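**Q** If it helps, the file is called protein_22.txt and holds compact mmCIF, C-alpha atoms:
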# COMPACT_ATOMS: atom_id res chain seq x y z
CA MET R 1 -103.80 -16.87 179.67
CA GLN R 2 -106.72 -16.47 182.06
CA LEU R 3 -106.90 -19.48 184.39
CA THR R 4 -110.30 -20.91 185.29
CA ARG R 5 -111.15 -22.43 188.69
CA PHE R 6 -110.80 -25.86 187.05
CA ASP R 7 -107.29 -24.92 185.88
CA GLN R 8 -106.44 -24.02 189.47
CA GLN R 9 -107.78 -27.39 190.63
CA PHE R 10 -105.72 -29.10 187.93
CA ILE R 11 -102.54 -27.41 189.17
CA ARG R 12 -103.24 -28.53 192.75
CA LEU R 13 -104.03 -32.06 191.54
CA LEU R 14 -100.54 -32.52 190.06
CA VAL R 15 -98.33 -30.38 192.28
CA HIS R 16 -98.17 -30.48 196.08
CA SER R 17 -95.81 -27.63 196.97
CA PRO R 18 -97.60 -24.27 197.42
CA GLU R 19 -94.44 -22.52 196.13
CA HIS R 20 -94.49 -24.64 192.97
CA GLN R 21 -98.23 -24.12 192.53
CA ALA R 22 -97.82 -20.33 192.69
CA ILE R 23 -94.97 -20.28 190.15
CA ILE R 24 -96.88 -22.49 187.70
CA ALA R 25 -99.97 -20.28 187.94
CA GLN R 26 -97.92 -17.12 187.40
CA LYS R 27 -96.12 -18.57 184.39
CA LEU R 28 -99.38 -19.64 182.79
CA GLU R 29 -101.02 -16.27 183.43
CA HIS R 30 -98.13 -14.54 181.65
CA ASN R 31 -98.25 -16.96 178.72
CA GLN R 32 -98.95 -15.49 175.26
CA PHE R 33 -98.93 -18.68 173.20
CA LEU R 34 -102.13 -20.29 171.98
CA VAL R 35 -102.42 -24.05 172.46
CA SER R 36 -104.65 -24.55 169.45
CA SER R 37 -106.72 -22.53 167.01
CA GLU R 38 -108.94 -25.54 166.26
CA ASN R 39 -112.66 -25.72 166.92
CA PRO R 40 -112.89 -26.22 170.74
CA TRP R 41 -115.25 -29.20 170.38
CA ARG R 42 -112.97 -30.96 167.93
CA ARG R 43 -109.99 -30.33 170.23
CA TRP R 44 -111.99 -31.64 173.20
CA VAL R 45 -112.75 -34.88 171.34
CA LYS R 46 -109.02 -35.29 170.67
CA ASN R 47 -108.39 -34.64 174.35
CA LEU R 48 -110.89 -37.36 175.27
CA ALA R 49 -109.21 -39.81 172.86
CA GLN R 50 -105.83 -39.08 174.46
CA TYR R 51 -107.40 -39.58 177.90
CA CYS R 52 -108.71 -43.03 176.92
CA ALA R 53 -105.33 -43.94 175.42
CA LEU R 54 -103.61 -42.94 178.69
CA TRP R 55 -105.95 -45.23 180.66
CA LEU R 56 -105.07 -48.15 178.35
CA GLU R 57 -101.35 -47.40 178.58
CA LEU R 58 -101.39 -47.33 182.38
CA ILE R 59 -103.53 -50.47 182.67
CA ALA R 60 -101.07 -52.27 180.41
CA ALA R 61 -98.15 -51.00 182.52
CA ALA R 62 -99.88 -52.09 185.76
CA THR R 63 -100.47 -55.63 184.48
CA LYS R 64 -96.99 -56.00 183.00
CA LYS R 65 -94.72 -58.49 184.76
CA VAL R 66 -91.68 -56.81 186.24
CA PRO R 67 -88.47 -58.89 186.70
CA THR R 68 -87.90 -59.73 190.35
CA SER R 69 -84.22 -58.90 190.14
CA LEU R 70 -82.05 -56.60 188.12
CA ALA R 71 -78.52 -57.19 186.95
CA GLY R 72 -76.17 -55.39 189.30
CA ASP R 73 -74.04 -53.89 186.54
CA GLY R 74 -77.06 -52.49 184.73
CA GLN R 75 -78.43 -50.96 187.92
CA ALA R 76 -75.07 -49.38 188.70
CA ALA R 77 -74.87 -47.98 185.19
CA ASP R 78 -78.31 -46.40 185.63
CA GLN R 79 -77.20 -44.79 188.87
CA GLU R 80 -74.24 -43.13 187.13
CA ARG R 81 -76.25 -41.90 184.17
CA LEU R 82 -77.64 -38.43 183.68
CA TYR R 83 -81.03 -38.03 182.00
CA TYR R 84 -82.46 -35.45 179.67
CA TYR R 85 -85.96 -34.85 178.39
CA GLU R 86 -86.64 -33.60 174.87
CA GLU R 87 -90.22 -34.19 173.84
CA ASN R 88 -89.33 -34.39 170.12
CA PRO R 89 -87.41 -37.61 169.31
CA GLN R 90 -86.00 -36.02 166.15
CA LEU R 91 -83.91 -33.65 168.29
CA VAL R 92 -82.51 -36.27 170.67
CA GLU R 93 -79.10 -36.60 168.99
CA ALA R 94 -78.65 -32.83 168.68
CA ARG R 95 -79.46 -32.41 172.37
CA ALA R 96 -76.96 -35.13 173.30
CA ARG R 97 -74.22 -33.38 171.31
CA TYR R 98 -75.03 -30.13 173.08
CA LEU R 99 -74.79 -31.73 176.52
CA HIS R 100 -71.51 -33.46 175.65
CA TYR R 101 -70.11 -30.12 174.45
CA HIS R 102 -70.42 -28.85 178.03
CA LEU R 103 -70.09 -32.10 179.98
CA LEU R 104 -67.37 -34.14 178.32
CA GLY R 105 -67.33 -37.81 179.27
CA ALA R 106 -70.77 -37.83 180.90
CA SER R 107 -73.26 -40.60 180.07
CA PHE R 108 -76.78 -39.51 179.15
CA GLN R 109 -80.08 -41.30 178.70
CA ALA R 110 -82.68 -39.60 176.49
CA ILE R 111 -86.39 -39.49 177.33
CA THR R 112 -88.95 -38.35 174.75
CA TYR R 113 -92.72 -38.02 174.71
CA GLN R 114 -92.93 -41.02 172.36
CA ASP R 115 -91.51 -43.33 175.05
CA ARG R 116 -93.94 -45.63 176.83
CA ILE R 117 -94.92 -45.78 180.48
CA ASP R 118 -93.83 -49.34 181.23
CA SER R 119 -94.42 -49.45 184.99
CA THR R 120 -96.76 -47.82 187.51
CA SER R 121 -94.33 -48.13 190.42
CA SER R 122 -93.37 -44.45 190.13
CA CYS R 123 -96.99 -43.25 190.02
CA PRO R 124 -98.87 -44.73 192.98
CA GLY R 125 -102.53 -43.82 193.12
CA TRP R 126 -102.69 -43.32 189.36
CA PRO R 127 -106.30 -44.59 189.02
CA GLY R 128 -107.52 -41.89 191.41
CA LEU R 129 -105.47 -39.30 189.53
CA LEU R 130 -107.04 -40.31 186.20
CA PHE R 131 -110.57 -40.33 187.62
CA ARG R 132 -110.10 -36.79 188.90
CA LEU R 133 -108.55 -35.80 185.58
CA GLY R 134 -111.65 -37.16 183.84
CA ALA R 135 -113.88 -35.06 186.08
CA LEU R 136 -111.89 -31.93 185.23
CA LEU R 137 -112.10 -32.74 181.52
CA LEU R 138 -115.89 -32.97 181.76
CA ALA R 139 -116.08 -29.75 183.74
CA SER R 140 -113.90 -27.99 181.17
CA VAL R 141 -116.62 -28.54 178.56
CA PHE R 142 -118.69 -25.91 180.37
CA GLN R 143 -115.75 -23.66 181.23
CA PRO R 144 -113.09 -24.30 178.58
CA SER R 145 -109.62 -22.79 178.73
CA GLN R 146 -106.38 -22.91 176.79
CA LEU R 147 -104.86 -25.03 179.55
CA SER R 148 -107.68 -27.58 179.58
CA LEU R 149 -106.80 -28.46 175.97
CA ARG R 150 -103.42 -29.56 177.33
CA TYR R 151 -104.54 -31.40 180.48
CA VAL R 152 -103.93 -34.94 179.23
CA ARG R 153 -100.55 -34.18 177.67
CA ILE R 154 -99.36 -32.54 180.89
CA VAL R 155 -100.50 -35.50 183.01
CA ARG R 156 -98.88 -38.05 180.72
CA THR R 157 -95.61 -36.06 180.76
CA VAL R 158 -95.44 -35.91 184.56
CA LEU R 159 -96.14 -39.66 184.75
CA LEU R 160 -93.83 -40.68 181.91
CA VAL R 161 -90.57 -38.94 182.74
CA PRO R 162 -90.23 -40.02 186.41
CA ASN R 163 -91.13 -43.52 185.24
CA ARG R 164 -87.97 -43.61 183.08
CA ILE R 165 -85.65 -42.53 185.92
CA PRO R 166 -84.63 -45.22 188.46
CA ALA R 167 -85.23 -44.10 192.04
CA HIS R 168 -81.82 -43.51 193.58
CA ALA R 169 -80.00 -40.78 195.44
CA GLY R 170 -78.38 -38.23 193.18
CA ALA R 171 -80.72 -38.66 190.21
CA GLU R 172 -80.29 -35.73 187.84
CA ILE R 173 -82.08 -34.58 184.68
CA TYR R 174 -81.72 -31.84 182.06
CA LEU R 175 -84.93 -30.34 180.64
CA PHE R 176 -85.13 -28.68 177.24
CA ARG R 177 -87.98 -26.47 175.92
CA ILE R 178 -88.64 -24.95 179.33
CA TYR R 179 -91.14 -22.50 177.81
CA LEU R 180 -93.69 -25.30 177.28
CA PHE R 181 -96.72 -25.51 179.58
CA GLU R 182 -95.82 -28.95 180.85
CA THR R 183 -92.17 -28.24 181.76
CA ASN R 184 -92.87 -26.43 185.04
CA PHE R 185 -95.35 -29.17 186.04
CA LEU R 186 -92.71 -31.79 185.25
CA ALA R 187 -89.94 -29.93 187.06
CA ALA R 188 -92.13 -29.60 190.17
CA ARG R 189 -92.98 -33.33 190.21
CA LEU R 190 -89.33 -34.29 189.73
CA ARG R 191 -88.09 -31.99 192.50
CA GLU R 192 -90.76 -33.35 194.84
CA ARG R 193 -89.33 -36.84 194.14
CA GLY R 194 -85.78 -35.69 194.95
CA VAL R 195 -84.50 -35.46 191.37
CA TYR R 196 -82.06 -32.61 190.71
CA VAL R 197 -83.48 -30.55 187.83
CA ASN R 198 -81.28 -28.64 185.36
CA LEU R 199 -83.11 -26.23 183.03
CA ILE R 200 -81.70 -25.38 179.59
CA ALA R 201 -82.84 -21.81 178.96
CA SER R 202 -82.50 -21.72 175.11
CA THR R 203 -81.25 -18.53 173.45
CA THR R 204 -84.46 -16.50 173.71
CA PRO R 205 -84.27 -13.79 176.42
CA LEU R 206 -85.78 -14.97 179.71
CA THR R 207 -88.08 -11.94 179.63
CA HIS R 208 -90.29 -13.39 176.92
CA TYR R 209 -91.37 -16.80 178.20
CA ASN R 210 -89.29 -17.69 181.25
CA ARG R 211 -90.03 -15.16 183.96
CA PHE R 212 -91.27 -17.93 186.30
CA LEU R 213 -89.28 -21.17 186.56
CA ILE R 214 -89.07 -24.29 188.71
CA GLY R 215 -85.75 -26.11 188.85
CA ASP R 216 -82.47 -26.39 190.75
CA SER R 217 -79.94 -25.09 188.23
CA LEU R 218 -80.44 -22.84 185.20
CA LYS R 219 -78.08 -23.22 182.23
CA LEU R 220 -78.04 -19.92 180.38
CA CYS R 221 -77.63 -20.00 176.59
CA ASN R 222 -77.07 -16.31 175.94
CA PRO R 223 -74.85 -13.80 177.85
CA TYR R 224 -77.74 -11.34 178.06
CA GLN R 225 -79.52 -13.84 180.30
CA GLN R 226 -76.80 -13.25 182.91
CA ASP R 227 -78.13 -9.70 183.21
CA GLU R 228 -81.74 -10.90 183.28
CA TYR R 229 -81.25 -13.57 185.96
CA PRO R 230 -80.94 -11.18 188.96
CA HIS R 231 -84.10 -9.40 187.74
CA PHE R 232 -86.20 -12.59 187.76
CA GLN R 233 -84.42 -14.61 190.46
CA ARG R 234 -87.20 -13.96 192.96
CA ASN R 235 -89.58 -15.83 190.61
CA TYR R 236 -87.33 -18.91 190.39
CA THR R 237 -86.57 -21.87 192.60
CA CYS R 238 -83.20 -22.13 190.79
CA ARG R 239 -80.51 -21.01 193.21
CA HIS R 240 -77.66 -21.85 190.85
CA PHE R 241 -77.00 -20.64 187.33
CA GLU R 242 -74.12 -20.76 184.85
CA LEU R 243 -73.50 -19.55 181.32
CA TRP R 244 -73.31 -22.29 178.71
CA SER R 245 -73.82 -21.43 175.04
CA PRO R 246 -76.52 -21.30 172.34
CA GLU R 247 -78.18 -24.69 171.78
CA ASP R 248 -76.83 -24.81 168.21
CA ILE R 249 -73.23 -24.29 169.34
CA VAL R 250 -71.97 -27.62 168.01
CA ALA R 251 -73.04 -26.81 164.44
CA LEU R 252 -72.06 -23.15 164.77
CA ALA R 253 -68.63 -23.92 166.20
CA GLY R 254 -67.92 -26.49 163.51
CA TYR R 255 -68.91 -24.08 160.75
CA TYR R 256 -67.29 -20.86 161.97
CA ARG R 257 -64.19 -22.18 163.73
CA ASP R 258 -61.84 -21.57 160.78
CA LYS R 259 -63.80 -18.86 158.96
CA GLU R 260 -62.83 -15.23 158.57
CA LYS R 261 -65.23 -12.45 159.55
CA PRO R 262 -65.35 -10.07 156.58
CA THR R 263 -66.52 -6.56 157.47
CA LEU R 264 -68.93 -6.25 154.49
CA ASN R 265 -69.89 -2.67 155.33
CA ASN R 266 -72.36 -2.51 152.45
CA VAL R 267 -74.36 -5.67 153.21
CA ILE R 268 -77.18 -5.60 155.76
CA GLY R 269 -79.16 -8.69 156.76
CA VAL R 270 -82.68 -8.47 158.19
CA TYR R 271 -83.78 -11.52 160.20
CA THR R 272 -87.54 -11.73 160.52
CA GLN R 273 -89.64 -13.53 163.14
CA GLY R 274 -92.85 -13.86 161.16
CA PHE R 275 -95.27 -12.60 163.81
CA TRP R 276 -97.74 -11.71 161.05
CA LEU R 277 -97.82 -15.43 160.16
CA ARG R 278 -97.89 -16.63 163.78
CA ILE R 279 -101.06 -14.58 164.28
CA GLN R 280 -102.60 -15.88 161.03
CA LEU R 281 -101.89 -19.49 162.02
CA GLY R 282 -103.24 -19.03 165.56
CA ILE R 283 -99.89 -19.72 167.22
CA TYR R 284 -99.75 -16.39 169.01
CA GLU R 285 -102.46 -14.24 170.53
CA GLU R 286 -103.29 -11.37 168.20
CA ASN R 287 -103.32 -8.70 170.92
CA ALA R 288 -99.89 -9.78 172.13
CA GLY R 289 -98.34 -10.27 168.69
CA LYS R 290 -99.67 -7.39 166.60
CA GLU R 291 -97.34 -4.79 168.12
CA ILE R 292 -94.25 -6.88 167.35
CA ALA R 293 -95.60 -7.62 163.86
CA ALA R 294 -96.00 -3.86 163.30
CA TRP R 295 -92.45 -3.22 164.51
CA GLU R 296 -91.14 -5.86 162.15
CA ASP R 297 -92.88 -4.11 159.26
CA SER R 298 -91.27 -0.86 160.41
CA LEU R 299 -87.87 -2.55 160.48
CA LEU R 300 -88.29 -3.58 156.84
CA GLN R 301 -89.29 -0.03 155.92
CA ILE R 302 -86.18 1.34 157.62
CA ALA R 303 -84.05 -1.11 155.61
CA LEU R 304 -85.74 0.08 152.40
CA GLN R 305 -85.07 3.71 153.31
CA MET R 306 -81.39 2.84 153.81
CA LEU R 307 -81.34 1.37 150.31
CA GLU R 308 -82.70 4.59 148.85
CA ARG R 309 -80.15 6.74 150.68
CA HIS R 310 -77.08 4.58 150.00
CA LEU R 311 -76.66 3.40 146.42
CA ASP R 312 -73.82 1.03 147.36
CA LEU R 313 -75.92 -0.83 149.96
CA GLN R 314 -77.44 -4.32 149.63
CA VAL R 315 -80.13 -5.76 151.90
CA ILE R 316 -80.84 -9.47 152.34
CA ILE R 317 -83.99 -10.60 154.18
CA TYR R 318 -83.73 -13.95 155.96
CA PRO R 319 -87.25 -15.26 156.71
CA HIS R 320 -87.98 -17.14 159.92
CA PRO R 321 -88.14 -20.96 159.54
CA LEU R 322 -91.92 -20.77 160.05
CA GLU R 323 -92.16 -18.38 157.09
CA ARG R 324 -90.04 -20.74 154.98
CA ARG R 325 -92.42 -23.59 155.79
CA HIS R 326 -95.28 -21.54 154.28
CA PRO R 327 -93.60 -20.23 151.11
CA GLN R 328 -96.83 -19.25 149.36
CA LYS R 329 -98.05 -17.04 152.20
CA THR R 330 -94.57 -15.62 152.68
CA GLN R 331 -94.09 -14.83 148.99
CA GLN R 332 -97.38 -12.93 149.04
CA HIS R 333 -96.41 -11.07 152.22
CA PHE R 334 -93.02 -10.00 150.88
CA GLY R 335 -94.12 -9.74 147.25
CA ARG R 336 -94.32 -5.94 147.20
CA LEU R 337 -90.72 -5.73 148.43
CA LEU R 338 -89.33 -8.05 145.77
CA THR R 339 -90.27 -5.70 142.95
CA SER R 340 -89.41 -2.43 144.69
CA HIS R 341 -85.61 -2.60 144.83
CA ALA R 342 -83.01 -4.40 142.70
CA ARG R 343 -80.54 -4.40 145.59
CA LEU R 344 -82.94 -6.18 147.93
CA ARG R 345 -82.96 -9.98 148.06
CA ILE R 346 -85.04 -12.45 150.07
CA ASP R 347 -83.26 -15.68 150.91
CA PHE R 348 -85.66 -18.55 150.30
CA SER R 349 -82.86 -21.12 150.12
CA ASN R 350 -82.86 -24.21 152.33
CA GLN R 351 -79.65 -23.11 154.06
CA ASN R 352 -79.95 -22.48 157.77
CA SER R 353 -79.74 -18.71 158.35
CA THR R 354 -77.36 -19.27 161.27
CA LEU R 355 -74.79 -20.46 158.72
CA THR R 356 -74.87 -17.20 156.74
CA PHE R 357 -73.53 -14.81 159.38
CA ASP R 358 -70.27 -14.27 157.45
CA GLN R 359 -72.26 -13.18 154.36
CA VAL R 360 -73.72 -10.14 156.16
CA GLY R 361 -71.85 -7.20 157.64
CA LEU R 362 -74.58 -5.93 159.96
CA GLY R 363 -77.55 -7.95 161.17
CA LEU R 364 -80.88 -6.34 162.09
CA THR R 365 -83.79 -8.02 163.86
CA THR R 366 -86.60 -7.33 166.30
CA MET R 367 -85.90 -9.93 169.01
CA SER R 368 -84.99 -13.06 167.07
CA THR R 369 -82.69 -15.53 168.82
CA ILE R 370 -80.54 -15.39 165.71
CA GLY R 371 -79.48 -11.88 166.72
CA PHE R 372 -78.12 -13.20 170.01
CA ASP R 373 -76.44 -16.10 168.18
CA ARG R 374 -74.70 -13.58 165.90
CA LEU R 375 -73.44 -11.59 168.87
CA TYR R 376 -72.26 -14.73 170.66
CA LEU R 377 -70.10 -15.53 167.64
CA GLY R 378 -68.89 -11.92 167.37
CA PHE R 379 -70.90 -10.52 164.42
CA ARG R 380 -72.27 -6.96 164.44
CA THR R 381 -75.99 -6.89 165.28
CA LEU R 382 -78.67 -4.35 166.24
CA PHE R 383 -82.18 -4.90 167.63
CA PHE R 384 -85.31 -2.87 166.90
CA VAL R 385 -87.58 -3.43 169.89
CA PRO R 386 -90.82 -1.97 171.26
CA PRO R 387 -90.08 -0.81 174.84
CA SER R 388 -93.59 -1.76 175.97
CA ILE R 389 -92.80 -5.43 175.34
CA PHE R 390 -89.11 -5.65 176.16
CA LEU R 391 -87.73 -4.57 179.52
CA VAL R 392 -84.81 -2.61 178.10
CA ASN R 393 -85.07 0.12 180.71
CA GLU R 394 -85.36 -2.17 183.73
CA ILE R 395 -82.42 -4.53 183.21
CA PRO R 396 -78.94 -2.95 183.37
CA SER R 397 -76.93 -4.50 180.54
CA ALA R 398 -74.27 -3.73 177.94
CA TYR R 399 -76.80 -5.09 175.42
CA ASN R 400 -79.01 -2.04 176.01
CA ALA R 401 -76.72 -0.07 173.69
CA LEU R 402 -77.90 -2.35 170.86
CA PHE R 403 -81.65 -2.15 171.60
CA CYS R 404 -83.12 0.64 169.46
CA ALA R 405 -86.59 1.85 170.39
CA SER R 406 -87.29 4.29 167.52
CA PRO R 407 -86.64 4.46 163.76
CA HIS R 408 -84.40 7.51 164.26
CA GLU R 409 -82.30 5.74 166.90
CA LEU R 410 -81.92 2.65 164.73
CA ALA R 411 -80.91 4.68 161.66
CA GLU R 412 -78.26 6.51 163.70
CA LYS R 413 -76.89 3.28 165.17
CA ILE R 414 -76.71 1.67 161.72
CA GLN R 415 -74.60 4.56 160.45
CA ALA R 416 -72.33 4.39 163.51
CA VAL R 417 -71.84 0.63 163.38
CA ARG R 418 -71.48 0.02 159.62
CA PRO R 419 -67.85 1.28 159.33
CA MET R 420 -66.64 -0.86 162.26
CA SER R 421 -65.02 -4.25 162.02
CA HIS R 422 -66.73 -7.04 163.96
CA ALA R 423 -63.87 -7.10 166.48
CA GLU R 424 -64.08 -3.31 167.05
CA PHE R 425 -67.84 -3.57 167.53
CA MET R 426 -67.56 -6.35 170.13
CA GLN R 427 -64.75 -4.57 171.99
CA GLN R 428 -66.64 -1.26 172.10
CA THR R 429 -69.93 -2.86 173.21
CA PHE R 430 -68.85 -5.67 175.51
CA GLY R 431 -65.11 -5.28 176.00
CA GLN R 432 -64.62 -8.88 174.86
CA GLU R 433 -65.50 -11.66 172.44
CA PHE R 434 -67.92 -14.23 173.93
CA TRP R 435 -66.92 -17.22 171.79
CA GLN R 436 -63.38 -18.54 171.62
CA PRO R 437 -62.66 -20.70 168.51
CA ALA R 438 -59.79 -22.35 170.36
CA ARG R 439 -62.30 -23.90 172.75
CA ALA R 440 -64.29 -25.25 169.80
CA ALA R 441 -61.10 -26.78 168.38
CA GLU R 442 -60.70 -28.73 171.63
CA GLY R 443 -64.13 -30.31 171.00
CA ARG R 444 -65.89 -28.16 173.56
How does this structure look as structure tokens?
**A**
Amino acid sequence: MQLTRFDQQFIRLLVHSPEHQAIIAQKLEHNQFLVSSENPWRRWVKNLAQYCALWLELIAAATKKVPTSLAGDGQAADQERLYYYEENPQLVEARARYLHYHLLGASFQAITYQDRIDSTSSCPGWPGLLFRLGALLLASVFQPSQLSLRYVRIVRTVLLVPNRIPAHAGAEIYLFRIYLFETNFLAARLRERGVYVNLIASTTPLTHYNRFLIGDSLKLCNPYQQDEYPHFQRNYTCRHFELWSPEDIVALAGYYRDKEKPTLNNVIGVYTQGFWLRIQLGIYEENAGKEIAAWEDSLLQIALQMLERHLDLQVIIYPHPLERRHPQKTQQHFGRLLTSHARLRIDFSNQNSTLTFDQVGLGLTTMSTIGFDRLYLGFRTLFFVPPSIFLVNEIPSAYNALFCASPHELAEKIQAVRPMSHAEFMQQTFGQEFWQPARAAEGR
């Protein structure tokens, strides 16, 4: 993303610390997501409507009568509670289960973007802030940017979340979806108010979207991130980190705890990421996504070549959830494959692909998080990655043995790995199993 001078002014408007300002700017400049593929004028009108709605919400909060006293027990309970922010209210319960998996007995209060700002006590000077925001919105008409389409949402987020946290010493919050534009803004505002900020990294390698982060503690969701952290630490304010687990660990642990891990040497699963569709839908910049899309096509071709060479082999393609949500487009995209081989199947079922790991002997993917989930649970997995996008040569890691940068290398690794059991594969690659079912049986 190329920041305009108005974007730079917007960053300075919301964030006071020069260190925080620099990290936010760097993260945005390295961003490859598109905010919207809509007509810019239509999106600007929506932005203006959201701006007017924010004015009305804050005026209502400013005129609302606040009780002169609070019940002591309720206030004490608030002071003992931890908070977490998940913008999507539909994921609130899943996030709570994840936090309880790692922090047994803790009490959490959820905050979502659908909550209301019910007081202006935590945002003094808000009228001046909104007037300056309005000026930047008008200026962005003449110099639009991807960030300007998100101005109002970012401002509302940084006003909303602190508003839901009582001001007291030791306030602490956990933030999910740290790849979003607004998360670094929010983390900066919270830290500047004295709130301790925990970032949940999600399973995706830090390299992709999280090279620049603001927070106090980083909870890693994938063992590979332990190798990445020293590489990016200079770009973080987080001085503490610890390895947790994938965000879906509660469902995964419940499903796989008592299951066997059949070797299934003759069954290969290909997990796609649908970059071809992300580009079509305007979710990802074409220049950034086309190389990965091409590599994904190459991965499918390699799988087809394996079918031709090994008559006992079966290949199952597991489309990305985005591809499943657009079945017509996906059927057309994969249509030529469906008729080419009888031993190739595309799973269009409604079952979550993470719950099919025991149906596949060897998993192949480009850089899908599902590949890291498979490895965390101890299932054989290989990655086919373009070196120009992924920093495989710069980060020392045991995972590097699984990152294949050419069709020849991938074909050789497939042949070497197929005869192994899952346990042999994990021992040879990492010297250990990451996930312990006994821990899951204890409710953790």
**Q** Counting all atoms listed in the file, which of R:Leu3, R:Ile24, R:Leu199, R:Val141 gets nearest to Glu86 of chain R?
**A**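 The shortest atom-to-atom distance to Glu86 of chain R comes from R:Leu199.
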**Q** Find the nearest atom pair between each residue of segment 304-417 of chain R and segment 206-223 of chain R for residues within 12 Å, count only C-alpha atoms, give distances in Å to one decimal, sort rows by chain and ascending number, and present the table as a tab-separated table.
**A**
residue	atom	partner	partner_atom	distance
R:Met367	CA	R:His208	CA	9.7
R:Ser368	CA	R:His208	CA	11.2
R:Thr369	CA	R:Asn222	CA	9.1
R:Ile370	CA	R:Asn222	CA	10.8
R:Gly371	CA	R:Asn222	CA	10.5
R:Phe372	CA	R:Asn222	CA	6.8
R:Asp373	CA	R:Asn222	CA	7.8
R:Arg374	CA	R:Asn222	CA	10.7
R:Leu375	CA	R:Asn222	CA	9.2
R:Tyr376	CA	R:Asn222	CA	7.3
R:Leu377	CA	R:Asn222	CA	10.9
R:Ile389	CA	R:His208	CA	8.5
R:Phe390	CA	R:Thr207	CA	7.3
R:Leu391	CA	R:Thr207	CA	7.4
R:Val392	CA	R:Thr207	CA	10.0
R:Glu394	CA	R:Thr207	CA	10.9
R:Ile395	CA	R:Thr207	CA	10.0
R:Ser397	CA	R:Pro223	CA	9.9
R:Ala398	CA	R:Pro223	CA	10.1
R:Tyr399	CA	R:Pro223	CA	9.3
**Q** For Phe384 of chain R, which residue among R:His422, R:Lys413, R:Arg42, R:Arg239 is the nearest when counting only C-alpha atoms?
**A**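 Looking only at the distances to Phe384 of chain R, the closest residue turns out to be R:Lys413.
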**Q** To one decimal in Å, tell me the separation between atom CA of Gln328 of chain R and atom CA of Phe275 of chain R.
**A** 16.0 Å
**Q** As a PyMOL selection string, please: the residues near Pro419 of chain R (cut-off 10 Å, all atoms listed in the file, same-chain neighbours under 4 positions excluded).
**A** chain R and resi 263-266+361-362+414-415+424-425
**Q** Could you jot down the atom CA of Val315 of chain R to atom CA of Ile268 of chain R separation for me, Å, one decimal place?
**A**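 Separation of atom CA of Val315 of chain R and atom CA of Ile268 of chain R: 4.9 Å.
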**Q** How big is the axis-aligned box, and where does its centre sit, when it encloses all atoms of segment 13-30 of chain R listed in the file and has 3 Å added on every side, reported in Å to one decimal as AutoDock Vina command-line options?
**A**
--center_x -99.2 --center_y -23.5 --center_z 189.5 --size_x 15.6 --size_y 24.0 --size_z 21.8
**Q** Between R:Ile302, R:Val155, R:Ile173, R:Ala106, which one has atoms that come closest to Arg191 of chain R, using all atoms listed in the file?
**A**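 Counting all atoms listed in the file, the residue closest to Arg191 of chain R is R:Ile173.
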**Q** Using all atoms listed in the file, which of the listed residues (R:Tyr196, R:Trp55, R:Trp126, R:Tyr83) sits closest to Ile111 of chain R?
**A**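 Once distances to Ile111 of chain R are computed over all atoms listed in the file, the minimum belongs to R:Tyr83.
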**Q** Mind giving me the straight-line distance from atom CA of Cys123 of chain R to atom CA of Leu136 of chain R in Å, one decimal?
**A**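 Answer for the atom CA of Cys123 of chain R to atom CA of Leu136 of chain R separation: 19.3 Å.
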**Q** Report as a PyMOL selection string all protein, DNA and RNA residues lying within 12 Å of Leu190 of chain R, evaluated on all atoms listed in the file, omitting residues in the same chain fewer than 2 positions from it.
**A** chain R and resi 14-17+20+83+85+122-123+157-167+171-175+183-188+192-198+214-216
**Q** Counting all atoms listed in the file, figure out which residue out of R:Ile316, R:Ile154, R:Leu82, R:Leu48 gets nearest to Leu137 of chain R.
**A**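 Ranking R:Ile316, R:Ile154, R:Leu82, R:Leu48 by distance to Leu137 of chain R, first place goes to R:Leu48.
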**Q** Find the residues around segment 97-104 of chain R up to 10 Å (only C-alpha atoms counted), leave out those fewer than 2 positions away in its own chain, and share them as a JSON list (two decimals) with C-alpha atoms, in the frame of the given file.
**A**
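Ended up saving to around36.json:
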[["chain", "number", "residue", "atom", "x", "y", "z"],
["R", 84, "TYR", "CA", -82.46, -35.45, 179.67],
["R", 92, "VAL", "CA", -82.51, -36.27, 170.67],
["R", 93, "GLU", "CA", -79.10, -36.60, 168.99],
["R", 94, "ALA", "CA", -78.65, -32.83, 168.68],
["R", 95, "ARG", "CA", -79.46, -32.41, 172.37],
["R", 106, "ALA", "CA", -70.77, -37.83, 180.90],
["R", 107, "SER", "CA", -73.26, -40.60, 180.07],
["R", 108, "PHE", "CA", -76.78, -39.51, 179.15],
["R", 174, "TYR", "CA", -81.72, -31.84, 182.06],
["R", 200, "ILE", "CA", -81.70, -25.38, 179.59],
["R", 244, "TRP", "CA", -73.31, -22.29, 178.71],
["R", 245, "SER", "CA", -73.82, -21.43, 175.04],
["R", 246, "PRO", "CA", -76.52, -21.30, 172.34],
["R", 247, "GLU", "CA", -78.18, -24.69, 171.78],
["R", 248, "ASP", "CA", -76.83, -24.81, 168.21],
["R", 249, "ILE", "CA", -73.23, -24.29, 169.34],
["R", 250, "VAL", "CA", -71.97, -27.62, 168.01],
["R", 251, "ALA", "CA", -73.04, -26.81, 164.44],
["R", 440, "ALA", "CA", -64.29, -25.25, 169.80],
["R", 442, "GLU", "CA", -60.70, -28.73, 171.63],
["R", 443, "GLY", "CA", -64.13, -30.31, 171.00],
["R", 444, "ARG", "CA", -65.89, -28.16, 173.56]]
**Q** Counting only C-alpha atoms, which of R:Trp41, R:Tyr113, R:Tyr318, R:Tyr256 gets nearest to Leu149 of chain R?
**A** R:Trp41
